[in-house]
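Undergrad: The following file, data31.csv, comprises CSV, C-alpha atoms:
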chain,number,residue,atom,x,y,z
A,1,MET,CA,0.0,0.0,0.0
A,2,SER,CA,1.4,3.4,-1.0
A,3,ALA,CA,2.0,6.0,1.7
A,4,GLU,CA,0.3,8.5,-0.6
A,5,ALA,CA,-2.9,6.4,-1.1
A,6,ALA,CA,-6.2,8.1,-1.2
A,7,PRO,CA,-8.0,8.5,2.1
A,8,SER,CA,-10.0,5.4,3.2
A,9,ALA,CA,-12.2,4.5,6.1
A,10,GLY,CA,-10.4,3.7,9.4
A,11,ALA,CA,-11.5,1.5,12.2
A,12,SER,CA,-13.8,4.3,13.4
A,13,GLY,CA,-15.3,4.6,9.9
A,14,ALA,CA,-13.8,8.1,9.6
A,15,PRO,CA,-11.6,8.8,6.6
A,16,VAL,CA,-7.9,8.4,7.2
A,17,SER,CA,-4.9,9.5,5.2
A,18,GLY,CA,-2.8,7.0,3.2
A,19,LYS,CA,-0.1,7.2,5.9
A,20,ALA,CA,-2.6,6.6,8.7
A,21,ALA,CA,-4.0,3.7,6.7
A,22,VAL,CA,-0.6,2.1,6.4
A,23,ALA,CA,0.0,2.6,10.1
A,24,GLU,CA,-3.3,1.0,10.9
A,25,GLU,CA,-2.5,-1.9,8.6
A,26,VAL,CA,0.9,-2.4,10.1
A,27,LYS,CA,-0.5,-2.3,13.7
A,28,SER,CA,-3.3,-4.7,12.9
A,29,LEU,CA,-1.0,-7.2,11.1
A,30,LEU,CA,1.7,-7.0,13.7
A,31,GLU,CA,-0.8,-7.4,16.6
A,32,ALA,CA,-2.1,-10.6,14.9
A,33,ARG,CA,1.4,-12.0,15.4
A,34,LEU,CA,2.3,-10.5,18.7
A,35,THR,CA,-0.8,-11.6,20.7
A,36,PRO,CA,-0.4,-15.3,20.2
A,37,ASP,CA,3.4,-15.2,20.5
A,38,GLU,CA,3.2,-13.2,23.7
A,39,GLY,CA,0.5,-15.6,25.0
A,40,ARG,CA,2.8,-18.5,24.3
A,41,PHE,CA,6.1,-17.1,25.6
A,42,GLY,CA,5.1,-14.3,27.9
A,43,SER,CA,6.8,-10.9,28.2
A,44,GLY,CA,8.5,-8.8,30.8
A,45,SER,CA,9.1,-10.7,34.1
A,46,GLY,CA,6.8,-13.5,32.7
A,47,SER,CA,9.2,-14.2,29.8
A,48,PRO,CA,11.7,-17.1,29.9
A,49,CYS,CA,14.3,-14.5,28.8
A,50,SER,CA,13.9,-12.2,31.8
A,51,ALA,CA,16.8,-11.8,34.1
A,52,GLY,CA,14.9,-13.4,36.9
A,53,SER,CA,13.8,-16.4,34.9
A,54,ALA,CA,15.4,-19.8,35.6
A,55,LYS,CA,14.8,-20.5,31.9
A,56,LEU,CA,17.1,-17.6,30.6
A,57,PHE,CA,19.9,-20.0,29.8
A,58,THR,CA,17.7,-22.7,28.2
A,59,GLN,CA,16.0,-23.6,25.0
A,60,ALA,CA,12.8,-22.0,26.3
A,61,CYS,CA,14.4,-18.6,26.0
A,62,ALA,CA,16.0,-19.5,22.7
A,63,ASP,CA,12.5,-20.3,21.4
A,64,ALA,CA,11.1,-17.1,22.7
A,65,ALA,CA,14.0,-15.2,21.2
A,66,ALA,CA,13.4,-16.8,17.8
A,67,ALA,CA,9.7,-15.8,17.9
A,68,THR,CA,10.5,-12.2,19.0
A,69,ASP,CA,13.1,-11.9,16.3
A,70,ALA,CA,10.7,-13.2,13.7
A,71,ASP,CA,8.1,-10.6,14.8
A,72,ALA,CA,10.7,-7.9,14.7
A,73,ALA,CA,11.8,-8.9,11.2
A,74,TYR,CA,8.1,-9.0,10.1
A,75,ALA,CA,7.6,-5.5,11.4
A,76,LEU,CA,10.6,-4.2,9.5
A,77,THR,CA,9.4,-5.9,6.3
A,78,ARG,CA,5.9,-4.4,6.7
A,79,ILE,CA,7.1,-0.9,7.3
A,80,GLY,CA,9.7,-1.2,4.5
A,81,GLY,CA,11.6,1.9,5.6
A,82,ARG,CA,8.6,4.2,5.4
A,83,PRO,CA,8.8,7.4,7.4
A,84,GLY,CA,6.7,7.7,10.6
A,85,PHE,CA,7.8,4.4,12.2
A,86,ALA,CA,11.0,5.5,14.0
A,87,THR,CA,10.0,3.9,17.3
A,88,LEU,CA,9.0,0.6,15.7
A,89,THR,CA,12.1,0.5,13.5
A,90,SER,CA,14.4,1.2,16.5
A,91,ALA,CA,12.7,-1.4,18.7
A,92,ALA,CA,12.7,-4.1,15.9
A,93,GLN,CA,16.4,-3.5,15.2
A,94,LYS,CA,17.3,-3.6,18.8
A,95,ILE,CA,15.4,-6.9,19.2
A,96,GLN,CA,17.2,-8.4,16.2
A,97,LYS,CA,20.6,-7.4,17.6
A,98,ALA,CA,19.7,-9.0,20.9
A,99,ALA,CA,18.4,-12.2,19.4
A,100,ALA,CA,21.6,-12.5,17.3
A,101,ARG,CA,23.8,-11.8,20.3
A,102,TYR,CA,21.8,-14.4,22.4
A,103,GLN,CA,22.4,-17.0,19.6
A,104,GLU,CA,26.1,-16.0,19.0
A,105,LEU,CA,26.9,-16.4,22.7
A,106,GLY,CA,25.2,-19.8,23.0
A,107,CYS,CA,23.1,-18.5,25.8
A,108,ALA,CA,20.7,-21.4,25.6
A,109,LYS,CA,23.6,-23.7,26.5
A,110,ASN,CA,24.2,-22.0,29.8
A,111,PRO,CA,27.7,-20.5,29.1
A,112,ALA,CA,30.1,-20.7,32.0
A,113,ASP,CA,32.1,-17.5,31.1
A,114,ALA,CA,31.0,-14.6,33.3
A,115,PRO,CA,31.2,-11.9,30.6
A,116,ASP,CA,29.2,-14.1,28.3
A,117,ARG,CA,26.6,-14.7,31.0
A,118,GLN,CA,26.3,-10.9,31.5
A,119,ALA,CA,25.9,-10.4,27.8
A,120,CYS,CA,23.2,-13.0,27.8
A,121,LEU,CA,21.4,-11.2,30.6
A,122,ALA,CA,21.5,-8.0,28.6
A,123,ALA,CA,20.2,-9.7,25.5
A,124,GLY,CA,17.5,-11.5,27.5
A,125,ALA,CA,16.3,-8.2,29.0
A,126,VAL,CA,15.7,-6.8,25.5
A,127,LEU,CA,14.1,-10.0,24.3
A,128,ALA,CA,11.8,-10.2,27.4
A,129,GLN,CA,10.5,-6.7,26.6
A,130,GLY,CA,10.4,-7.3,22.9
A,131,PHE,CA,6.7,-8.0,22.4
A,132,PRO,CA,5.5,-4.9,24.3
A,133,ASP,CA,8.2,-2.8,22.6
A,134,LEU,CA,7.0,-3.8,19.2
A,135,ARG,CA,3.4,-3.2,20.2
A,136,THR,CA,4.3,0.3,21.5
A,137,GLY,CA,6.2,1.0,18.3
A,138,ALA,CA,3.2,0.0,16.2
A,139,ASN,CA,0.9,2.2,18.3
A,140,LEU,CA,3.2,5.2,18.0
A,141,GLY,CA,3.3,4.6,14.3
A,142,LEU,CA,-0.3,5.7,14.2
A,143,ALA,CA,1.0,9.1,15.4
A,144,GLY,CA,3.9,9.1,13.0
A,145,LYS,CA,6.5,8.4,15.6
Kindly return the structure encoded in the file as structure tokens.
TA:
Amino acid sequence: MSAEAAPSAGASGAPVSGKAAVAEEVKSLLEARLTPDEGRFGSGSGSPCSAGSAKLFTQACADAAAATDADAAYALTRIGGRPGFATLTSAAQKIQKAAARYQELGCAKNPADAPDRQACLAAGAVLAQGFPDLRTGANLGLAGK
């Protein structure tokens, strides 16, 4: 959908601009992915990747990391570099970097090296907050942020 598309009816039935229609579409499509993934893996302190989780250094976090990374990649594909999605772009890129770092360090295999464990904790914190951050980014996209 073009950012310059003609106005169409939004969720409220009121006409919306092309940019707003794109933002609504992105938010709707992303939410359809986030809700089931967040329900399956949790988020924040309920995530297997949170610093306080006994599952941070296990396959459970690796699975959550993969899902969060896939949702971040999907968000970036949907927005395709369009202006007005700075928060969503930033959040998605941060999540992708954290997921890559988690995998590179072998965090799911419970590394013994203290610096690696600290890096796993940092990556896990980003991943644990990933679903809410993507959702916030999509919501702010409606305001062009």
Undergrad: For each of A:Ala67, A:Ala125, A:Ala72, A:Leu140, take the minimum atom-to-atom distance to Ile95 of chain A, counting all atoms listed in the file, then give the residue where this is smallest.
TA: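 Under the stated criterion, the closest residue is A:Ala72.
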Undergrad: Tell me which of A:Ala32, A:Val126, A:Ala23, A:Leu142 sits closest to Asp69 of chain A, counting all atoms listed in the file.
TA: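 With all atoms listed in the file as the atom set, the closest residue is A:Val126.
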Undergrad: Go ahead and compute the interatomic distance for atom CA of Thr136 of chain A and atom CA of Gly18 of chain A, in Å to one decimal.
TA: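 We find that atom CA of Thr136 of chain A and atom CA of Gly18 of chain A lie 20.7 Å from each other.
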Undergrad: For Ser28 of chain A, which residue among A:Gln103, A:Gln118, A:Gln96, A:Asn139 is the nearest when counting only C-alpha atoms?
TA: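 Nearest to Ser28 of chain A: A:Asn139.
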Undergrad: Provide the atom CA of Gly124 of chain A to atom CA of Cys49 of chain A distance in Å, to one decimal place.
TA: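 Straight-line distance from atom CA of Gly124 of chain A to atom CA of Cys49 of chain A works out to 4.6 Å.
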Undergrad: Residues at most 7 Å from segment 56-66 of chain A, counting all atoms listed in the file, excluding those fewer than 6 positions away in the same chain, as a list in words?
TA: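 Final neighbour list, sorted by chain and number: Phe41, Pro48, Cys49, Ser50, Ala99, Cys107, Ala108, Lys109, Asn110, Gly124 and Leu127 of chain A.
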Undergrad: Which residue, A:Leu88, A:Ala21, A:Cys120, A:Arg135, has the smallest gap to Gly106 of chain A when you use all atoms listed in the file?
TA: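 Comparing A:Leu88, A:Ala21, A:Cys120, A:Arg135 against Gly106 of chain A, the winner is A:Cys120.
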Undergrad: In Å to one decimal, how far is atom CA of Asp71 of chain A from atom CA of Arg33 of chain A?
TA: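 Rounded to one decimal, the two atoms are 6.9 Å apart.
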Undergrad: For Arg117 of chain A, which residue among A:Ala51, A:Pro83, A:Ser43, A:Ala138 is the nearest when counting only C-alpha atoms?
TA: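 Checking each of A:Ala51, A:Pro83, A:Ser43, A:Ala138 against Arg117 of chain A, counting only C-alpha atoms, the winner is A:Ala51.
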Undergrad: Using only C-alpha atoms, find the one residue out of A:Gln129, A:Leu121, A:Arg78, A:Ala112 that sits nearest to Gly52 of chain A.
TA: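 Ranked by minimum distance to Gly52 of chain A, first place goes to A:Leu121.
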Undergrad: Taking every listed atom of segment 124-143 of chain A and adding 3 Å to each side, what centre and edge lengths in Å (one decimal) does the axis-aligned box have, as JSON?
TA:
{"center_x": 8.6, "center_y": -1.2, "center_z": 21.6, "size_x": 23.8, "size_y": 26.6, "size_z": 20.8}
